[in-house]
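Student: Contents of entry07.txt (compact mmCIF, C-alpha atoms) are given next:
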```txt
# COMPACT_ATOMS: atom_id res chain seq x y z
CA MET A 1 -38.81 -45.11 53.98
CA THR A 2 -37.73 -48.74 53.66
CA SER A 3 -34.17 -49.73 52.99
CA ARG A 4 -35.26 -50.98 49.53
CA GLU A 5 -36.85 -47.61 48.70
CA HIS A 6 -33.74 -45.87 49.98
CA GLU A 7 -31.55 -47.89 47.61
CA LYS A 8 -33.65 -46.90 44.58
CA ILE A 9 -32.76 -43.20 44.83
CA TRP A 10 -29.03 -43.85 44.71
CA PHE A 11 -27.23 -43.78 41.36
CA ARG A 12 -24.48 -46.10 40.29
CA VAL A 13 -21.75 -45.21 37.79
CA GLY A 14 -19.50 -48.15 37.09
CA CYS A 15 -18.70 -49.72 40.44
CA THR A 16 -19.25 -46.50 42.41
CA ALA A 17 -22.54 -45.43 43.96
CA PHE A 18 -23.40 -41.72 44.29
CA ALA A 19 -25.90 -39.89 46.43
CA PRO A 20 -28.73 -38.14 44.52
CA ILE A 21 -27.18 -34.62 44.68
CA THR A 22 -23.76 -35.85 43.53
CA ALA A 23 -25.36 -37.84 40.72
CA THR A 24 -27.30 -34.80 39.53
CA ILE A 25 -24.10 -32.76 39.29
CA LEU A 26 -22.42 -35.55 37.31
CA LEU A 27 -25.32 -35.72 34.87
CA LEU A 28 -25.22 -31.96 34.30
CA MET A 29 -21.48 -32.15 33.62
CA LEU A 30 -22.02 -34.93 31.09
CA ILE A 31 -24.78 -33.00 29.33
CA PHE A 32 -23.21 -29.54 29.16
CA LEU A 33 -19.46 -29.92 29.46
CA THR A 34 -18.85 -32.78 27.05
CA PRO A 35 -20.32 -31.06 23.95
CA ALA A 36 -18.40 -27.87 24.71
CA THR A 37 -15.16 -29.82 24.84
CA ALA A 38 -15.97 -31.53 21.56
CA LEU A 39 -16.66 -28.21 19.84
CA ALA A 40 -13.59 -26.40 21.21
CA VAL A 41 -11.39 -24.80 18.50
CA GLU A 42 -7.87 -26.11 18.37
CA PRO A 43 -5.32 -23.46 19.35
CA GLN A 44 -3.36 -21.75 16.57
CA THR A 45 -0.16 -23.58 15.73
CA ARG A 46 3.18 -21.82 16.02
CA HIS A 47 3.59 -22.02 12.23
CA GLU A 48 0.25 -20.26 11.71
CA HIS A 49 1.20 -17.68 14.32
CA LEU A 50 4.39 -16.81 12.41
CA SER A 51 2.52 -16.55 9.08
CA GLN A 52 -0.05 -14.26 10.64
CA GLY A 53 2.69 -12.10 12.16
CA ALA A 54 4.47 -11.84 8.80
CA GLN A 55 1.22 -10.86 7.09
CA GLN A 56 0.51 -8.13 9.63
CA TYR A 57 4.07 -6.84 9.25
CA LEU A 58 3.69 -6.62 5.46
CA GLN A 59 0.29 -4.98 5.75
CA GLN A 60 1.78 -2.22 7.85
CA ALA A 61 5.03 -1.85 5.87
CA ILE A 62 3.44 -1.81 2.40
CA GLY A 63 0.12 -0.23 3.29
CA THR A 64 1.75 3.09 4.18
CA MET A 65 3.54 3.35 0.81
CA ASN A 66 0.38 4.28 -1.11
CA GLU A 67 -2.77 4.56 0.95
CA ASP A 68 -4.96 4.76 -2.18
CA ASP A 69 -4.02 1.21 -3.23
CA LYS A 70 -5.84 -1.90 -2.08
CA LEU A 71 -3.52 -4.61 -0.79
CA HIS A 72 -3.96 -8.39 -0.85
CA ILE A 73 -1.29 -10.54 0.83
CA ASP A 74 -1.24 -14.28 0.15
CA MET A 75 1.16 -16.04 2.54
CA VAL A 76 2.76 -19.37 1.61
CA ALA A 77 2.24 -21.87 4.44
CA ILE A 78 5.36 -22.61 6.49
CA ASP A 79 6.50 -26.24 6.21
CA SER A 80 5.09 -28.08 9.23
CA ARG A 81 8.31 -30.12 9.47
CA ILE A 82 10.28 -27.02 10.44
CA SER A 83 10.86 -26.80 14.18
CA ILE A 84 10.01 -23.39 15.62
CA PRO A 85 11.47 -22.65 19.07
CA ASP A 86 10.01 -20.61 21.90
CA CYS A 87 10.82 -16.90 21.66
CA PRO A 88 10.12 -15.08 24.94
CA THR A 89 11.06 -11.68 23.51
CA GLY A 90 8.80 -12.11 20.47
CA PHE A 91 9.63 -12.89 16.84
CA GLN A 92 10.94 -10.11 14.61
CA TYR A 93 10.05 -9.61 10.91
CA HIS A 94 12.05 -7.84 8.21
CA VAL A 95 11.97 -7.15 4.46
CA GLY A 96 14.31 -4.75 2.63
CA ASP A 97 12.76 -1.51 1.33
CA GLU A 98 13.39 -2.38 -2.33
CA ALA A 99 11.88 -5.86 -1.92
CA LEU A 100 8.65 -4.33 -0.60
CA LEU A 101 7.93 -3.11 -4.15
CA GLN A 102 8.00 -6.63 -5.60
CA SER A 103 5.05 -8.95 -6.21
CA TYR A 104 6.83 -11.95 -4.68
CA LEU A 105 8.99 -11.50 -1.61
CA SER A 106 10.49 -13.28 1.39
CA VAL A 107 10.04 -12.18 4.99
CA ARG A 108 12.87 -12.91 7.42
CA VAL A 109 11.50 -14.12 10.76
CA SER A 110 14.02 -14.22 13.60
CA CYS A 111 14.33 -14.56 17.37
CA ALA A 112 17.00 -12.60 19.25
CA ASN A 113 17.01 -15.08 22.14
CA ASN A 114 18.58 -17.94 20.22
CA ASP A 115 19.77 -16.57 16.83
CA TRP A 116 17.10 -18.69 15.13
CA TYR A 117 15.54 -17.49 11.86
CA LEU A 118 13.64 -18.63 8.76
CA PHE A 119 12.26 -17.09 5.56
CA THR A 120 8.57 -17.26 4.71
CA ASN A 121 7.25 -16.26 1.28
CA ALA A 122 4.32 -14.09 0.22
CA ARG A 123 2.60 -12.95 -2.98
CA ILE A 124 1.57 -9.30 -2.98
CA THR A 125 -1.26 -8.01 -5.16
CA ARG A 126 -1.80 -4.25 -5.28
CA THR A 127 -4.88 -2.86 -6.98
CA ARG A 128 -5.97 0.73 -7.60
CA SER A 129 -9.36 2.15 -8.53
CA VAL A 130 -8.77 3.79 -11.93
CA VAL A 131 -10.80 4.90 -14.93
CA VAL A 132 -11.27 2.22 -17.63
CA THR A 133 -13.21 1.99 -20.87
CA SER A 134 -16.71 0.55 -20.53
CA GLY A 135 -16.71 -0.67 -24.15
CA MET A 136 -14.70 -0.71 -27.37
CA ILE A 137 -13.46 2.79 -28.26
CA SER A 138 -12.24 3.86 -31.70
CA PRO A 139 -9.54 6.47 -32.46
CA GLY A 140 -10.86 10.03 -32.22
CA THR A 141 -13.72 9.10 -29.87
CA LEU A 142 -14.66 11.84 -27.42
CA LEU A 143 -14.59 10.57 -23.85
CA THR A 144 -17.77 10.98 -21.80
CA SER A 145 -19.26 9.51 -18.63
CA GLN A 146 -21.08 7.02 -20.89
CA ASN A 147 -17.97 5.25 -22.19
CA LEU A 148 -15.93 5.35 -18.96
CA GLU A 149 -16.17 3.58 -15.59
CA LEU A 150 -14.08 2.83 -12.50
CA ALA A 151 -12.47 -0.56 -11.87
CA ASP A 152 -9.82 -2.07 -9.57
CA ILE A 153 -6.71 -2.80 -11.67
CA GLU A 154 -3.41 -4.37 -10.59
CA VAL A 155 -0.83 -1.61 -10.21
CA ASN A 156 1.82 -3.51 -12.19
CA ARG A 157 -0.46 -3.25 -15.26
CA LEU A 158 -0.32 0.55 -15.15
CA ARG A 159 2.71 1.43 -17.27
CA HIS A 160 1.86 5.13 -17.53
CA THR A 161 -0.02 7.64 -15.40
CA ALA A 162 -3.62 6.50 -14.92
CA PHE A 163 -6.66 8.54 -13.92
CA THR A 164 -8.74 8.04 -10.78
CA ASN A 165 -11.57 10.48 -11.53
CA ILE A 166 -13.87 10.17 -14.56
CA LYS A 167 -14.53 13.94 -14.58
CA ASP A 168 -10.83 14.58 -15.30
CA LEU A 169 -11.19 12.85 -18.69
CA ILE A 170 -14.42 14.33 -20.00
CA GLY A 171 -13.75 16.00 -23.36
CA ALA A 172 -10.46 14.25 -24.11
CA ARG A 173 -10.11 12.10 -27.25
CA MET A 174 -8.62 8.66 -27.74
CA LYS A 175 -5.65 8.34 -30.11
CA HIS A 176 -5.86 4.56 -30.52
CA ARG A 177 -8.44 1.79 -30.61
CA VAL A 178 -8.97 0.52 -27.06
CA ARG A 179 -10.76 -2.63 -25.92
CA PRO A 180 -13.28 -2.77 -23.05
CA GLY A 181 -11.86 -2.65 -19.52
CA GLN A 182 -8.59 -1.03 -20.57
CA PRO A 183 -7.18 1.51 -18.07
CA ILE A 184 -7.08 5.02 -19.54
CA GLN A 185 -3.49 6.31 -19.44
CA THR A 186 -1.90 9.54 -20.61
CA ASN A 187 -0.20 8.00 -23.65
CA MET A 188 -3.58 6.92 -25.09
CA LEU A 189 -5.25 10.31 -25.41
CA CYS A 190 -4.99 14.00 -26.07
CA PHE A 191 -6.90 16.86 -24.50
CA VAL A 192 -5.63 19.06 -27.29
CA CYS A 193 -4.86 17.16 -30.49
CA LYS A 194 -2.68 18.20 -33.42
CA GLY A 195 -4.67 20.40 -35.80
CA ASP A 196 -7.22 21.50 -33.18
CA ARG A 197 -8.27 25.15 -33.24
CA ILE A 198 -7.87 26.41 -29.70
CA THR A 199 -7.64 29.66 -27.72
CA ILE A 200 -4.19 31.01 -26.84
CA SER A 201 -4.23 32.96 -23.59
CA ALA A 202 -1.21 35.11 -22.72
CA GLY A 203 -0.46 37.77 -20.14
CA THR A 204 -0.16 38.35 -16.42
CA ASN A 205 -2.52 38.37 -13.46
CA VAL A 206 -3.37 42.00 -14.22
CA MET A 207 -4.09 41.68 -17.95
CA ARG A 208 -4.53 38.78 -20.35
CA VAL A 209 -4.88 38.67 -24.13
CA LYS A 210 -6.61 35.88 -26.00
CA THR A 211 -6.34 34.90 -29.63
CA ALA A 212 -7.07 31.93 -31.87
CA GLY A 213 -4.42 29.31 -32.54
CA ILE A 214 -3.81 25.91 -34.11
CA ALA A 215 -2.16 23.10 -32.14
CA GLN A 216 0.93 21.60 -33.77
CA GLN A 217 1.22 18.72 -31.28
CA ASP A 218 -0.91 16.44 -29.15
CA GLY A 219 -0.97 17.22 -25.44
CA VAL A 220 -2.66 16.39 -22.17
CA ILE A 221 -3.35 18.91 -19.41
CA GLY A 222 -0.04 20.21 -18.06
CA ASP A 223 1.95 19.40 -21.22
CA THR A 224 3.73 22.16 -23.15
CA ILE A 225 3.11 22.04 -26.90
CA GLU A 226 3.82 24.11 -29.99
CA VAL A 227 0.94 26.30 -31.16
CA ILE A 228 0.64 28.57 -34.23
CA ASN A 229 -0.99 31.96 -33.75
CA ALA A 230 -3.74 31.90 -36.41
CA GLN A 231 -3.48 35.65 -37.00
CA SER A 232 0.28 36.26 -37.00
CA GLN A 233 1.29 32.73 -38.02
CA LYS A 234 3.99 32.86 -35.34
CA SER A 235 4.85 29.76 -33.32
CA VAL A 236 4.67 29.82 -29.52
CA ILE A 237 5.14 27.26 -26.78
CA ALA A 238 2.12 27.04 -24.49
CA GLU A 239 0.83 24.87 -21.66
CA VAL A 240 -2.35 22.85 -22.16
CA ALA A 241 -4.95 24.16 -19.68
CA SER A 242 -8.09 22.44 -21.01
CA THR A 243 -9.53 20.91 -24.16
CA GLN A 244 -10.16 24.43 -25.49
CA GLU A 245 -7.30 26.56 -24.19
CA VAL A 246 -3.52 26.79 -23.92
CA VAL A 247 -1.67 29.33 -21.79
CA VAL A 248 1.50 31.30 -22.52
CA ASN A 249 3.02 32.48 -19.25
CA LEU A 250 4.91 35.75 -19.63
```
Reformat the file's structure so that it appears as structure tokens.
Tutor:
Amino acid sequence: MTSREHEKIWFRVGCTAFAPITATILLLMLIFLTPATALAVEPQTRHEHLSQGAQQYLQQAIGTMNEDDKLHIDMVAIDSRISIPDCPTGFQYHVGDEALLQSYLSVRVSCANNDWYLFTNARITRTRSVVVTSGMISPGTLLTSQNLELADIEVNRLRHTAFTNIKDLIGARMKHRVRPGQPIQTNMLCFVCKGDRITISAGTNVMRVKTAGIAQQDGVIGDTIEVINAQSQKSVIAEVASTQEVVVNL
């Protein structure tokens, strides 16, 4: 091989010449390493780390209060101008028990190493899967699986006891006009309504007597209402057991 041919297989980068093997390695580094560096994800900032820690703390603290509820936590971004120190022992998070019930709350973030702390804010949305009306319902309407459905409703909209199972409402009647999507709550309906003819059941586990009666009050299952014995015309207090029966416990 001539000296001229020998020179052709050398590579030059800038003012430095490289042997063929070295040049090959450099080319591979340029091809594969440079794009990877360009696509690398920037590390999480300390501010984001604190927000994430506060969110996880709230998820654990609030999530155990009612496991049937769905929880959404929206953290307010921490001001980037705030200086956050190193905390070798790890940051601590705290919210008072009463504050955990609120929709807007502040989480205290602190570090025992240097007595540093700040407050970061969060909006809490709790939803629950409850029975709602699937359309407009008029007073006196009998509830069936056709006019009811399940929907996720914010808990703070539920002023009275709501229902989570459609089957529990079949046969009840609405007392008021209700618009579509309205959560069904105990104050809206009656399983036994005033004036209904129902069965009065009285007795013990050994023997029970049944007779006809007329409800003098509205009631849902578990309520105690006044009922008139249709035969004797005497008034008794009985517990609503279903849409057809009340029970007098002796």
Student: Using only C-alpha atoms, determine which residues lie at most 12 Å from range 188-193 of chain A, disregarding the query and same-chain residues fewer than 5 positions distant; provide the list as number ranges by chain.
Tutor: A: 132-133, 137-143, 159-163, 168-179, 182-183, 198-199, 213-227, 238-246
Student: Can you report as lines of an AutoDock Vina configuration file the centre and edge lengths in Å, to one decimal, of an axis-aligned box around the listed atoms of range 172-176 of chain A padded with 8 Å on each side?
Tutor:
```
center_x = -8.1
center_y = 9.4
center_z = -27.3
size_x = 20.8
size_y = 25.7
size_z = 22.4
```
Student: Given the point (-12.8, 2.1, -14.1) in the file's coordinates, find the residues that have an atom at most 12 Å from it, counting all atoms listed in the file, and give them as a compact mmCIF listing (two decimals) with C-alpha atoms, in the frame of the given file.
Tutor:
```txt
# COMPACT_ATOMS: atom_id res chain seq x y z
CA THR A 127 -4.88 -2.86 -6.98
CA ARG A 128 -5.97 0.73 -7.60
CA SER A 129 -9.36 2.15 -8.53
CA VAL A 130 -8.77 3.79 -11.93
CA VAL A 131 -10.80 4.90 -14.93
CA VAL A 132 -11.27 2.22 -17.63
CA THR A 133 -13.21 1.99 -20.87
CA SER A 134 -16.71 0.55 -20.53
CA GLY A 135 -16.71 -0.67 -24.15
CA SER A 145 -19.26 9.51 -18.63
CA GLN A 146 -21.08 7.02 -20.89
CA ASN A 147 -17.97 5.25 -22.19
CA LEU A 148 -15.93 5.35 -18.96
CA GLU A 149 -16.17 3.58 -15.59
CA LEU A 150 -14.08 2.83 -12.50
CA ALA A 151 -12.47 -0.56 -11.87
CA ASP A 152 -9.82 -2.07 -9.57
CA ILE A 153 -6.71 -2.80 -11.67
CA GLU A 154 -3.41 -4.37 -10.59
CA ALA A 162 -3.62 6.50 -14.92
CA PHE A 163 -6.66 8.54 -13.92
CA THR A 164 -8.74 8.04 -10.78
CA ASN A 165 -11.57 10.48 -11.53
CA ILE A 166 -13.87 10.17 -14.56
CA LYS A 167 -14.53 13.94 -14.58
CA LEU A 169 -11.19 12.85 -18.69
CA PRO A 180 -13.28 -2.77 -23.05
CA GLY A 181 -11.86 -2.65 -19.52
CA GLN A 182 -8.59 -1.03 -20.57
CA PRO A 183 -7.18 1.51 -18.07
CA ILE A 184 -7.08 5.02 -19.54
CA GLN A 185 -3.49 6.31 -19.44
```
Student: Could you tell me how far CA of Asp196 in chain A sits from CA of Val236 in chain A, in Å to one decimal place?
Tutor: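 CA of Asp196 in chain A lies 15.0 Å from CA of Val236 in chain A.
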Student: Neighbouring residues of Tyr93 in chain A were defined as those with any atom within 7 Å, considering all atoms listed in the file; residues of the same chain fewer than 2 positions away were excluded. Please report them as a list in words.
Tutor: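 Close residues of Tyr93 in chain A: Ala54, Tyr57, Phe91, Val107, Arg108, Val109 and Ser110 of chain A.
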Student: Enter the distance from CA of Ile82 in chain A to CA of Asn121 in chain A, in Å, rounded to one decimal.
Tutor: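 Atom-to-atom, CA of Ile82 in chain A to CA of Asn121 in chain A, that is 14.5 Å.
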Student: Can you work out the spacing between CA of Glu48 in chain A and CA of Arg81 in chain A in Å, to one decimal?
Tutor: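 Value for the CA of Glu48 in chain A-CA of Arg81 in chain A distance: 12.9 Å.
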Student: Please write as a ChimeraX atom specification the list of polymer residues whose atoms come within 6 Å of (-0.9, 31.7, -22.6), counting all atoms listed in the file and keeping to the coordinates of the file.
Tutor: /A:200-202,238,246-249
